[in-house]
>>> print(open('upload.pdb').read())   # PDB, C-alpha atoms
ATOM      1  CA  MET A   1     -44.516 111.446   4.156
ATOM      2  CA  PRO A   2     -47.617 112.921   2.514
ATOM      3  CA  GLU A   3     -50.939 112.716   4.267
ATOM      4  CA  THR A   4     -52.982 109.717   3.266
ATOM      5  CA  PRO A   5     -56.768 109.783   2.804
ATOM      6  CA  GLU A   6     -58.649 108.458   5.799
ATOM      7  CA  PHE A   7     -60.406 105.556   4.098
ATOM      8  CA  LEU A   8     -57.053 104.137   3.078
ATOM      9  CA  THR A   9     -55.668 104.181   6.592
ATOM     10  CA  GLN A  10     -58.512 102.266   8.176
ATOM     11  CA  PRO A  11     -56.836  98.864   7.874
ATOM     12  CA  SER A  12     -55.169  99.261  11.280
ATOM     13  CA  PRO A  13     -57.542  97.192  13.393
ATOM     14  CA  PRO A  14     -58.189  98.501  16.899
ATOM     15  CA  MET A  15     -56.580  96.375  19.611
ATOM     16  CA  GLU A  16     -57.786  96.318  23.182
ATOM     17  CA  TYR A  17     -55.993  94.633  26.060
ATOM     18  CA  VAL A  18     -58.313  92.185  27.775
ATOM     19  CA  GLY A  19     -56.008  90.832  30.454
ATOM     20  CA  TYR A  20     -53.496  88.145  31.219
ATOM     21  CA  GLN A  21     -53.946  84.488  31.963
ATOM     22  CA  ILE A  22     -51.540  82.303  33.914
ATOM     23  CA  ILE A  23     -51.887  78.882  32.362
ATOM     24  CA  ASP A  24     -48.683  77.336  33.656
ATOM     25  CA  PRO A  25     -46.974  78.862  36.711
ATOM     26  CA  LEU A  26     -43.661  77.839  35.197
ATOM     27  CA  LYS A  27     -44.259  79.970  32.154
ATOM     28  CA  PRO A  28     -44.942  83.665  31.574
ATOM     29  CA  PRO A  29     -48.625  84.620  31.372
ATOM     30  CA  LEU A  30     -50.622  84.683  28.170
ATOM     31  CA  LEU A  31     -51.513  88.228  27.129
ATOM     32  CA  LYS A  32     -55.012  88.511  25.727
ATOM     33  CA  PHE A  33     -56.062  91.158  23.225
ATOM     34  CA  ARG A  34     -59.338  91.800  21.498
ATOM     35  CA  ILE A  35     -58.964  92.675  17.826
ATOM     36  CA  CYS A  36     -61.958  94.225  16.061
ATOM     37  CA  ASN A  37     -62.764  93.741  12.407
ATOM     38  CA  SER A  38     -64.940  96.660  11.369
ATOM     39  CA  TYR A  39     -65.099  95.525   7.738
ATOM     40  CA  SER A  40     -67.806  93.374   6.210
ATOM     41  CA  ILE A  41     -65.352  90.758   4.961
ATOM     42  CA  ASP A  42     -63.506  88.154   7.002
ATOM     43  CA  LEU A  43     -59.908  89.045   7.757
ATOM     44  CA  ARG A  44     -57.037  86.635   8.233
ATOM     45  CA  LEU A  45     -54.437  87.625  10.805
ATOM     46  CA  ASP A  46     -51.249  85.867   9.769
ATOM     47  CA  SER A  47     -48.907  87.028  12.502
ATOM     48  CA  ILE A  48     -48.524  89.479  15.329
ATOM     49  CA  GLY A  49     -45.479  90.369  17.388
ATOM     50  CA  ALA A  50     -43.887  93.047  19.552
ATOM     51  CA  GLU A  51     -40.909  93.785  21.740
ATOM     52  CA  VAL A  52     -41.529  93.838  25.489
ATOM     53  CA  PHE A  53     -39.980  96.311  27.903
ATOM     54  CA  CYS A  54     -40.427  96.897  31.616
ATOM     55  CA  SER A  55     -42.439 100.102  32.049
ATOM     56  CA  ASP A  56     -40.764 101.025  35.335
ATOM     57  CA  HIS A  57     -37.142 100.380  34.422
ATOM     58  CA  GLY A  58     -37.101 100.342  30.624
ATOM     59  CA  THR A  59     -35.387  96.954  30.627
ATOM     60  CA  PHE A  60     -35.811  94.821  27.526
ATOM     61  CA  LEU A  61     -37.653  91.698  28.658
ATOM     62  CA  GLY A  62     -38.289  89.746  25.456
ATOM     63  CA  PHE A  63     -40.925  89.357  22.780
ATOM     64  CA  VAL A  64     -44.588  88.569  22.373
ATOM     65  CA  ASN A  65     -45.832  86.820  19.303
ATOM     66  CA  ARG A  66     -48.583  84.673  17.974
ATOM     67  CA  THR A  67     -47.948  81.826  15.590
ATOM     68  CA  GLY A  68     -50.771  80.400  13.563
ATOM     69  CA  VAL A  69     -53.505  82.001  11.556
ATOM     70  CA  VAL A  70     -56.463  83.723  13.222
ATOM     71  CA  ASN A  71     -59.615  84.333  11.213
ATOM     72  CA  ILE A  72     -61.732  87.262  12.297
ATOM     73  CA  SER A  73     -65.219  87.278  10.834
ATOM     74  CA  GLY A  74     -66.604  90.449   9.284
ATOM     75  CA  LYS A  75     -68.105  92.976  11.707
ATOM     76  CA  SER A  76     -66.927  91.048  14.746
ATOM     77  CA  SER A  77     -64.011  90.759  17.133
ATOM     78  CA  GLU A  78     -61.745  87.986  18.283
ATOM     79  CA  VAL A  79     -59.736  87.546  21.459
ATOM     80  CA  ILE A  80     -56.254  86.294  20.752
ATOM     81  CA  GLY A  81     -53.567  85.165  23.165
ATOM     82  CA  LEU A  82     -50.013  86.321  22.730
ATOM     83  CA  THR A  83     -47.213  84.159  24.052
ATOM     84  CA  LEU A  84     -44.549  86.010  25.975
ATOM     85  CA  ALA A  85     -40.996  84.787  25.478
ATOM     86  CA  LEU A  86     -38.575  86.245  28.005
ATOM     87  CA  THR A  87     -34.862  86.607  27.533
ATOM     88  CA  SER A  88     -32.572  85.360  30.313
ATOM     89  CA  GLU A  89     -31.953  88.938  31.341
ATOM     90  CA  GLY A  90     -35.691  89.556  31.322
ATOM     91  CA  GLU A  91     -36.306  86.620  33.635
ATOM     92  CA  VAL A  92     -33.624  87.818  36.038
ATOM     93  CA  HIS A  93     -35.052  91.351  35.972
ATOM     94  CA  ILE A  94     -38.548  90.125  36.771
ATOM     95  CA  TYR A  95     -37.271  87.779  39.471
ATOM     96  CA  HIS A  96     -35.477  90.600  41.259
ATOM     97  CA  ASN A  97     -38.004  93.382  40.742
ATOM     98  CA  HIS A  98     -41.511  92.218  39.952
ATOM     99  CA  LEU A  99     -42.069  88.633  41.035
ATOM    100  CA  GLY A 100     -45.492  87.893  42.477
ATOM    101  CA  GLY A 101     -47.007  91.335  42.010
ATOM    102  CA  ASP A 102     -48.692  93.220  39.226
ATOM    103  CA  PHE A 103     -46.573  95.543  37.156
ATOM    104  CA  TYR A 104     -46.720  97.182  33.754
ATOM    105  CA  ILE A 105     -44.905  96.154  30.610
ATOM    106  CA  ASP A 106     -44.646  98.132  27.375
ATOM    107  CA  LEU A 107     -45.234  96.522  24.012
ATOM    108  CA  ARG A 108     -43.186  98.384  21.424
ATOM    109  CA  SER A 109     -42.797  97.923  17.656
ATOM    110  CA  LEU A 110     -46.094  96.086  17.576
ATOM    111  CA  ALA A 111     -46.579  94.643  14.108
ATOM    112  CA  LEU A 112     -49.497  92.807  12.525
ATOM    113  CA  ASN A 113     -49.658  90.996   9.238
ATOM    114  CA  VAL A 114     -53.183  90.951   7.868
ATOM    115  CA  GLN A 115     -53.384  89.096   4.574
ATOM    116  CA  GLY A 116     -50.116  90.486   3.303
ATOM    117  CA  ILE A 117     -50.641  93.999   4.663
ATOM    118  CA  LYS A 118     -48.129  94.852   7.384
ATOM    119  CA  ILE A 119     -49.300  97.251  10.080
ATOM    120  CA  ARG A 120     -46.645  98.687  12.368
ATOM    121  CA  TYR A 121     -48.005 100.570  15.366
ATOM    122  CA  GLN A 122     -45.957 103.612  16.261
ATOM    123  CA  GLU A 123     -47.249 103.988  19.779
ATOM    124  CA  GLN A 124     -46.418 101.589  22.559
ATOM    125  CA  ILE A 125     -49.085  99.729  24.480
ATOM    126  CA  SER A 126     -48.747  99.455  28.254
ATOM    127  CA  VAL A 127     -50.384  96.435  29.852
ATOM    128  CA  ARG A 128     -50.533  95.137  33.400
ATOM    129  CA  VAL A 129     -49.297  91.613  34.032
ATOM    130  CA  GLN A 130     -48.200  89.364  36.842
ATOM    131  CA  PHE A 131     -45.483  86.743  36.802
ATOM    132  CA  ALA A 132     -45.985  83.814  39.122
ATOM    133  CA  PHE A 133     -42.945  81.685  38.516
ATOM    134  CA  HIS A 134     -42.980  78.396  40.311
ATOM    135  CA  ARG A 135     -40.468  77.866  43.104
ATOM    136  CA  HIS A 136     -38.411  75.521  40.915
ATOM    137  CA  LYS A 137     -38.285  78.173  38.235
ATOM    138  CA  GLU A 138     -37.119  80.686  40.781
ATOM    139  CA  GLU A 139     -34.373  78.337  41.767
ATOM    140  CA  SER A 140     -33.291  77.880  38.175
ATOM    141  CA  ILE A 141     -33.156  81.637  37.711
ATOM    142  CA  TRP A 142     -31.222  81.913  40.937
ATOM    143  CA  LYS A 143     -28.691  79.430  39.580
ATOM    144  CA  LEU A 144     -28.509  81.348  36.346
ATOM    145  CA  ARG A 145     -27.837  84.497  38.299
ATOM    146  CA  LYS A 146     -25.032  82.875  40.292
TER     147      LYS A 146
ATOM    148  CA  MET B   1     -77.084  89.959 -51.283
ATOM    149  CA  GLU B   2     -74.583  87.882 -53.264
ATOM    150  CA  VAL B   3     -72.641  85.280 -51.284
ATOM    151  CA  LYS B   4     -69.653  85.658 -53.597
ATOM    152  CA  LYS B   5     -69.344  89.328 -52.792
ATOM    153  CA  ILE B   6     -69.554  89.001 -49.028
ATOM    154  CA  ASN B   7     -66.508  90.388 -47.250
ATOM    155  CA  TRP B   8     -65.743  87.344 -45.080
ATOM    156  CA  PRO B   9     -62.929  88.868 -42.983
ATOM    157  CA  GLY B  10     -65.167  91.867 -42.302
ATOM    158  CA  LEU B  11     -68.038  89.573 -41.362
ATOM    159  CA  ALA B  12     -65.796  87.636 -38.980
ATOM    160  CA  GLY B  13     -64.544  90.897 -37.469
ATOM    161  CA  GLY B  14     -68.089  92.164 -36.961
ATOM    162  CA  LEU B  15     -69.238  88.937 -35.354
ATOM    163  CA  ALA B  16     -66.145  88.817 -33.120
ATOM    164  CA  THR B  17     -66.716  92.388 -31.960
ATOM    165  CA  LEU B  18     -70.362  91.662 -31.250
ATOM    166  CA  ALA B  19     -69.409  88.496 -29.372
ATOM    167  CA  LEU B  20     -66.874  90.444 -27.301
ATOM    168  CA  VAL B  21     -69.509  92.950 -26.188
ATOM    169  CA  ILE B  22     -72.197  90.337 -25.499
ATOM    170  CA  LEU B  23     -69.849  88.074 -23.535
ATOM    171  CA  SER B  24     -68.512  90.970 -21.488
ATOM    172  CA  LEU B  25     -72.050  92.075 -20.635
ATOM    173  CA  LEU B  26     -73.337  88.605 -19.830
ATOM    174  CA  THR B  27     -70.384  87.002 -18.112
ATOM    175  CA  HIS B  28     -68.153  89.905 -17.058
ATOM    176  CA  ALA B  29     -65.458  88.385 -19.224
ATOM    177  CA  SER B  30     -61.913  88.445 -17.954
ATOM    178  CA  PRO B  31     -60.451  91.900 -17.454
ATOM    179  CA  TRP B  32     -57.627  93.303 -19.532
ATOM    180  CA  TRP B  33     -55.842  94.690 -16.490
ATOM    181  CA  HIS B  34     -55.939  93.322 -12.971
ATOM    182  CA  LEU B  35     -54.871  94.849  -9.648
ATOM    183  CA  THR B  36     -54.542  93.019  -6.339
ATOM    184  CA  VAL B  37     -54.157  94.611  -2.892
ATOM    185  CA  GLY B  38     -52.551  92.398  -0.252
ATOM    186  CA  GLN B  39     -53.772  88.831  -0.374
ATOM    187  CA  GLN B  40     -57.322  89.201  -1.703
ATOM    188  CA  LEU B  41     -58.070  92.244   0.444
ATOM    189  CA  GLY B  42     -58.836  94.295  -2.610
ATOM    190  CA  GLU B  43     -58.861  93.925  -6.351
ATOM    191  CA  ALA B  44     -59.666  95.843  -9.488
ATOM    192  CA  ASN B  45     -60.703  94.337 -12.792
ATOM    193  CA  VAL B  46     -60.479  96.806 -15.627
ATOM    194  CA  SER B  47     -61.299  96.592 -19.320
ATOM    195  CA  PRO B  48     -62.908  99.016 -21.761
ATOM    196  CA  LEU B  49     -66.199  97.185 -21.243
ATOM    197  CA  ASN B  50     -66.173  96.498 -17.512
ATOM    198  CA  PHE B  51     -64.785  98.062 -14.356
ATOM    199  CA  ASN B  52     -65.044  96.875 -10.799
ATOM    200  CA  PHE B  53     -62.980  97.686  -7.751
ATOM    201  CA  THR B  54     -63.486  96.226  -4.305
ATOM    202  CA  LEU B  55     -61.517  97.061  -1.192
ATOM    203  CA  PHE B  56     -62.242  95.370   2.141
ATOM    204  CA  GLY B  57     -65.471  94.031   0.709
ATOM    205  CA  THR B  58     -66.706  97.441  -0.415
ATOM    206  CA  SER B  59     -67.319  97.920  -4.119
ATOM    207  CA  MET B  60     -66.320 101.260  -5.570
ATOM    208  CA  THR B  61     -66.929 102.402  -9.126
ATOM    209  CA  PRO B  62     -66.241 106.014 -10.083
ATOM    210  CA  PRO B  63     -69.021 107.395 -12.321
ATOM    211  CA  ILE B  64     -66.523 108.285 -15.036
ATOM    212  CA  ALA B  65     -65.546 104.621 -15.340
ATOM    213  CA  TRP B  66     -69.200 103.628 -15.741
ATOM    214  CA  PHE B  67     -69.723 106.237 -18.465
ATOM    215  CA  LEU B  68     -66.506 105.273 -20.270
ATOM    216  CA  ASN B  69     -67.524 101.618 -20.192
ATOM    217  CA  MET B  70     -70.938 102.536 -21.576
ATOM    218  CA  ALA B  71     -69.367 104.667 -24.336
ATOM    219  CA  CYS B  72     -67.004 101.868 -25.276
ATOM    220  CA  GLN B  73     -69.790  99.280 -25.301
ATOM    221  CA  LEU B  74     -72.005 101.443 -27.545
ATOM    222  CA  SER B  75     -69.087 102.247 -29.853
ATOM    223  CA  LEU B  76     -68.235  98.586 -30.256
ATOM    224  CA  ILE B  77     -71.865  97.613 -30.832
ATOM    225  CA  ALA B  78     -72.184 100.332 -33.487
ATOM    226  CA  SER B  79     -68.897  99.255 -35.003
ATOM    227  CA  ALA B  80     -69.955  95.597 -35.088
ATOM    228  CA  VAL B  81     -73.320  96.368 -36.696
ATOM    229  CA  ALA B  82     -71.743  98.676 -39.270
ATOM    230  CA  MET B  83     -69.070  96.107 -40.061
ATOM    231  CA  LEU B  84     -71.647  93.369 -40.497
ATOM    232  CA  ILE B  85     -73.777  95.482 -42.849
ATOM    233  CA  CYS B  86     -70.899  96.658 -44.993
ATOM    234  CA  SER B  87     -69.502  93.117 -45.147
ATOM    235  CA  LEU B  88     -72.795  91.553 -46.175
ATOM    236  CA  VAL B  89     -73.598  94.208 -48.812
ATOM    237  CA  PRO B  90     -70.233  95.637 -49.853
ATOM    238  CA  ASN B  91     -71.489  97.096 -53.162
ATOM    239  CA  ARG B  92     -73.927  99.615 -51.736
ATOM    240  CA  GLU B  93     -72.889 103.241 -51.870
ATOM    241  CA  TYR B  94     -73.035 103.628 -48.083
ATOM    242  CA  SER B  95     -70.897 100.521 -47.470
ATOM    243  CA  LYS B  96     -67.593 102.314 -47.769
ATOM    244  CA  ASN B  97     -68.712 104.955 -45.274
ATOM    245  CA  LEU B  98     -69.845 102.257 -42.864
ATOM    246  CA  LEU B  99     -66.499 100.483 -43.187
ATOM    247  CA  ASN B 100     -64.630 103.734 -42.555
ATOM    248  CA  PHE B 101     -66.753 104.262 -39.452
ATOM    249  CA  ALA B 102     -66.453 100.694 -38.186
ATOM    250  CA  TYR B 103     -62.866  99.586 -38.571
ATOM    251  CA  LYS B 104     -61.360 102.340 -36.422
ATOM    252  CA  LYS B 105     -63.598 101.859 -33.407
ATOM    253  CA  PRO B 106     -61.912  98.836 -31.777
ATOM    254  CA  LEU B 107     -58.567 100.608 -32.104
ATOM    255  CA  ILE B 108     -59.996 103.822 -30.647
ATOM    256  CA  VAL B 109     -61.517 101.856 -27.740
ATOM    257  CA  THR B 110     -58.154 100.226 -27.035
ATOM    258  CA  ILE B 111     -56.413 103.601 -27.087
ATOM    259  CA  ILE B 112     -59.070 105.129 -24.781
ATOM    260  CA  PHE B 113     -58.593 102.197 -22.393
ATOM    261  CA  LEU B 114     -54.824 102.715 -22.241
ATOM    262  CA  ILE B 115     -55.185 106.484 -21.783
ATOM    263  CA  PHE B 116     -57.759 105.949 -19.009
ATOM    264  CA  LEU B 117     -55.419 103.491 -17.321
ATOM    265  CA  PHE B 118     -52.469 105.895 -17.455
ATOM    266  CA  ILE B 119     -54.609 108.772 -16.131
ATOM    267  CA  ALA B 120     -56.063 106.623 -13.329
ATOM    268  CA  ILE B 121     -52.571 105.538 -12.238
ATOM    269  CA  TYR B 122     -51.303 109.126 -12.421
ATOM    270  CA  ILE B 123     -54.230 110.471 -10.365
ATOM    271  CA  THR B 124     -53.839 107.691  -7.782
ATOM    272  CA  GLY B 125     -50.180 108.581  -7.381
ATOM    273  CA  THR B 126     -50.692 112.345  -7.334
ATOM    274  CA  LEU B 127     -53.831 112.749  -5.244
ATOM    275  CA  LEU B 128     -53.830 109.647  -3.064
ATOM    276  CA  HIS B 129     -50.041 109.227  -2.853
ATOM    277  CA  ILE B 130     -50.267 105.572  -3.776
ATOM    278  CA  ASN B 131     -47.817 104.401  -6.387
ATOM    279  CA  VAL B 132     -49.443 101.816  -8.603
ATOM    280  CA  PRO B 133     -47.270 100.217 -11.282
ATOM    281  CA  LEU B 134     -48.675  99.652 -14.767
ATOM    282  CA  THR B 135     -47.486  96.093 -14.412
ATOM    283  CA  GLY B 136     -45.538  94.442 -11.602
ATOM    284  CA  SER B 137     -45.468  94.616  -7.819
ATOM    285  CA  THR B 138     -44.757  97.354  -5.347
ATOM    286  CA  THR B 139     -45.256  98.072  -1.668
ATOM    287  CA  THR B 140     -46.859 101.375  -0.774
ATOM    288  CA  THR B 141     -46.391 102.781   2.713
ATOM    289  CA  LEU B 142     -49.367 104.649   4.148
ATOM    290  CA  ASP B 143     -49.054 106.862   7.176
ATOM    291  CA  ALA B 144     -52.023 106.392   9.489
ATOM    292  CA  GLU B 145     -52.559 108.229  12.756
ATOM    293  CA  ALA B 146     -50.957 105.669  15.031
ATOM    294  CA  ALA B 147     -49.547 103.183  12.585
ATOM    295  CA  THR B 148     -47.551 102.734   9.443
ATOM    296  CA  ILE B 149     -49.119 100.408   6.915
ATOM    297  CA  ASP B 150     -47.212  98.599   4.175
ATOM    298  CA  VAL B 151     -49.579  97.627   1.395
ATOM    299  CA  PRO B 152     -48.362  95.269  -1.340
ATOM    300  CA  ILE B 153     -49.923  96.037  -4.716
ATOM    301  CA  THR B 154     -49.650  93.768  -7.742
ATOM    302  CA  THR B 155     -50.850  94.619 -11.223
ATOM    303  CA  GLU B 156     -50.750  92.826 -14.529
ATOM    304  CA  PHE B 157     -52.158  92.867 -18.005
ATOM    305  CA  THR B 158     -54.109  89.632 -18.069
ATOM    306  CA  TRP B 159     -52.737  88.436 -21.369
ATOM    307  CA  ASN B 160     -49.426  87.989 -19.513
ATOM    308  CA  SER B 161     -50.872  85.478 -17.065
ATOM    309  CA  GLY B 162     -51.506  82.839 -19.690
ATOM    310  CA  TRP B 163     -47.878  82.848 -20.787
ATOM    311  CA  GLN B 164     -46.270  82.575 -17.359
TER     312      GLN B 164
END
>>> encode(input="upload.pdb", output="structure tokens")
Amino acid sequence: MPETPEFLTQPSPPMEYVGYQIIDPLKPPLLKFRICNSYSIDLRLDSIGAEVFCSDHGTFLGFVNRTGVVNISGKSSEVIGLTLALTSEGEVHIYHNHLGGDFYIDLRSLALNVQGIKIRYQEQISVRVQFAFHRHKEESIWKLRK
Amino acid sequence: MEVKKINWPGLAGGLATLALVILSLLTHASPWWHLTVGQQLGEANVSPLNFNFTLFGTSMTPPIAWFLNMACQLSLIASAVAMLICSLVPNREYSKNLLNFAYKKPLIVTIIFLIFLFIAIYITGTLLHINVPLTGSTTTTLDAEAATIDVPITTEFTWNSGWQ
């Protein structure tokens, strides 16, 4: 692919991982990212999503996504929360390998839709999270495993 | 000046040309060709009399576009004035020369506009590697450092929009 002039490739907004937030112990944590809008106009983030893998084992864990529109004012930043949806295999993997402690996950194929423009990040983003499944959830996973 | 001898179609043409220039200067009348990037992230409004291009809130006008617009505006003003004079006094010896000068100008301006449009699209594709259709929609893929960006681009001649 030919090289593209720099001013045309600026639309990829910088994303910075802020941290995770456990809202409900029964559910995976909310991943928080800060997205910067360096332009003078307001931008509308229509969707964002990525595949999630375990950094240590490379196991596919599920997806993160954000439904609903986020408006980012010009020359400002906005912290958005991404919901993590685990697959059954992902839950079992976390239960057996990472429950209760911090570990790293990789976000791959990260894609943003900003007012019709689709931005696909080529590099993966590694973030530290912690899963604190409630005892009942652990039991349900245990049953699933059996 | 004899009313009977007035060239009424020429007078109407002169007034219409003058009105076109005045309206375009005062109100930035609707463009002849329109380009949209994404969903209102960028747009270009192009006509022989006006040019404006904004991308991410930043307005960009190449100097050549400004000079071409100015040349077209002056040509049309001269054409309108010449057409009005030769229509009001068609029997004067200079009237035929004025008519010869005036009637071609709107056509020449239209041709210059189309040539400019073709050249602009060609340069955008060749130098910037962005394929812009003359009319229709396309998605251009840009290769950034750490991301691939799909940019939808829609263009249309504005006289189409009224018929859709």
>>> axis_aligned_box(input="upload.pdb", around="region 127-140 of chain B", padding_each_side="5 Å", output="lines of an AutoDock Vina configuration file")
center_x = -49.3
center_y = 103.6
center_z = -7.8
size_x = 19.1
size_y = 28.3
size_z = 24.0
>>> residues_around(input="upload.pdb", residues="region 27-43 of chain A", least_positions_apart="3", cutoff="10 Å", atoms="all atoms listed in the file", output="NGL selection string")
(:A and (10-24 or 46 or 64-65 or 70-86 or 91 or 114-115 or 127-134 or 137)) or (:B and (40-41 or 55-58))
>>> residues_near_point(input="upload.pdb", point="(-55.7, 107.4, -18.8)", cutoff="12 Å", atoms="only C-alpha atoms", output="PyMOL selection string")
chain B and resi 48+64-65+68+110-124+134
>>> interface_residues(input="upload.pdb", of="chain B", to="chain A", cutoff="6 Å", atoms="all atoms listed in the file", output="list in words")
Gly38, Gln39, Gly57, Ala144, Ala146, Ala147, Thr148, Ile149, Asp150 and Val151 of chain B
>>> atom_distance(input="upload.pdb", atom1="CA of Ile94 (chain A)", atom2="CA of Ser47 (chain A)")
26.6 Å
>>> closest_residue(input="upload.pdb", among="B:His34, B:Val46, B:Pro106, B:Asn91", to="Thr155 (chain B)", atoms="only C-alpha atoms")
B:His34
>>> residues_around(input="upload.pdb", residues="Thr139 (chain B)", least_positions_apart="4", cutoff="9 Å", atoms="only C-alpha atoms", output="short mmCIF file (atom, residue, chain, number, x, y, z; two decimals) with C-alpha atoms, in the coordinates of the input")
data_model
loop_
_atom_site.label_atom_id
_atom_site.label_comp_id
_atom_site.auth_asym_id
_atom_site.auth_seq_id
_atom_site.Cartn_x
_atom_site.Cartn_y
_atom_site.Cartn_z
CA ASN B 131 -47.82 104.40 -6.39
CA VAL B 132 -49.44 101.82 -8.60
CA ASP B 150 -47.21 98.60 4.18
CA VAL B 151 -49.58 97.63 1.40
CA PRO B 152 -48.36 95.27 -1.34
CA ILE B 153 -49.92 96.04 -4.72
CA THR B 154 -49.65 93.77 -7.74
#
>>> atom_distance(input="upload.pdb", atom1="CA of Ser137 (chain B)", atom2="CA of Phe157 (chain B)")
12.3 Å
>>> residues_around(input="upload.pdb", residues="Ala82 (chain B)", least_positions_apart="3", cutoff="6 Å", atoms="all atoms listed in the file", output="number ranges by chain")
B: 79, 85, 98, 102
>>> resolve_selection(input="upload.pdb", expression="the PyMOL selection byres ((chain A and resi 51) around 6)", output="PyMOL selection string")
chain A and resi 50+52+63+107-108
>>> residues_around(input="upload.pdb", residues="Glu89 (chain A)", least_positions_apart="2", cutoff="9 Å", atoms="only C-alpha atoms", output="ChimeraX atom specification")
/A:59-62,86-87,91-94
>>> atom_distance(input="upload.pdb", atom1="CA of Val21 (chain B)", atom2="CA of Lys105 (chain B)")
12.9 Å
>>> closest_residue(input="upload.pdb", among="A:Pro25, A:Gly58, A:Phe53, A:Val69", to="Ile105 (chain A)", atoms="all atoms listed in the file")
A:Phe53
>>> residues_near_point(input="upload.pdb", point="(-63.7, 96.5, -8.7)", cutoff="12 Å", atoms="all atoms listed in the file", output="short mmCIF file (atom, residue, chain, number, x, y, z; two decimals) with C-alpha atoms, keeping the file's coordinate frame")
data_model
loop_
_atom_site.label_atom_id
_atom_site.label_comp_id
_atom_site.auth_asym_id
_atom_site.auth_seq_id
_atom_site.Cartn_x
_atom_site.Cartn_y
_atom_site.Cartn_z
CA HIS B 28 -68.15 89.90 -17.06
CA PRO B 31 -60.45 91.90 -17.45
CA TRP B 33 -55.84 94.69 -16.49
CA HIS B 34 -55.94 93.32 -12.97
CA LEU B 35 -54.87 94.85 -9.65
CA THR B 36 -54.54 93.02 -6.34
CA VAL B 37 -54.16 94.61 -2.89
CA GLN B 40 -57.32 89.20 -1.70
CA LEU B 41 -58.07 92.24 0.44
CA GLY B 42 -58.84 94.30 -2.61
CA GLU B 43 -58.86 93.92 -6.35
CA ALA B 44 -59.67 95.84 -9.49
CA ASN B 45 -60.70 94.34 -12.79
CA VAL B 46 -60.48 96.81 -15.63
CA SER B 47 -61.30 96.59 -19.32
CA ASN B 50 -66.17 96.50 -17.51
CA PHE B 51 -64.78 98.06 -14.36
CA ASN B 52 -65.04 96.88 -10.80
CA PHE B 53 -62.98 97.69 -7.75
CA THR B 54 -63.49 96.23 -4.30
CA LEU B 55 -61.52 97.06 -1.19
CA PHE B 56 -62.24 95.37 2.14
CA GLY B 57 -65.47 94.03 0.71
CA THR B 58 -66.71 97.44 -0.42
CA SER B 59 -67.32 97.92 -4.12
CA MET B 60 -66.32 101.26 -5.57
CA THR B 61 -66.93 102.40 -9.13
CA PRO B 62 -66.24 106.01 -10.08
CA ALA B 65 -65.55 104.62 -15.34
CA TRP B 66 -69.20 103.63 -15.74
#
>>> resolve_selection(input="upload.pdb", expression="the PyMOL selection byres ((chain B and resi 92-97) around 12)", output="PyMOL selection string")
chain B and resi 1-2+5-7+10+79+81-91+98-104
>>> closest_residue(input="upload.pdb", among="B:Ala16, B:Leu11, B:Val3, B:Met70", to="Val109 (chain B)", atoms="all atoms listed in the file")
B:Met70
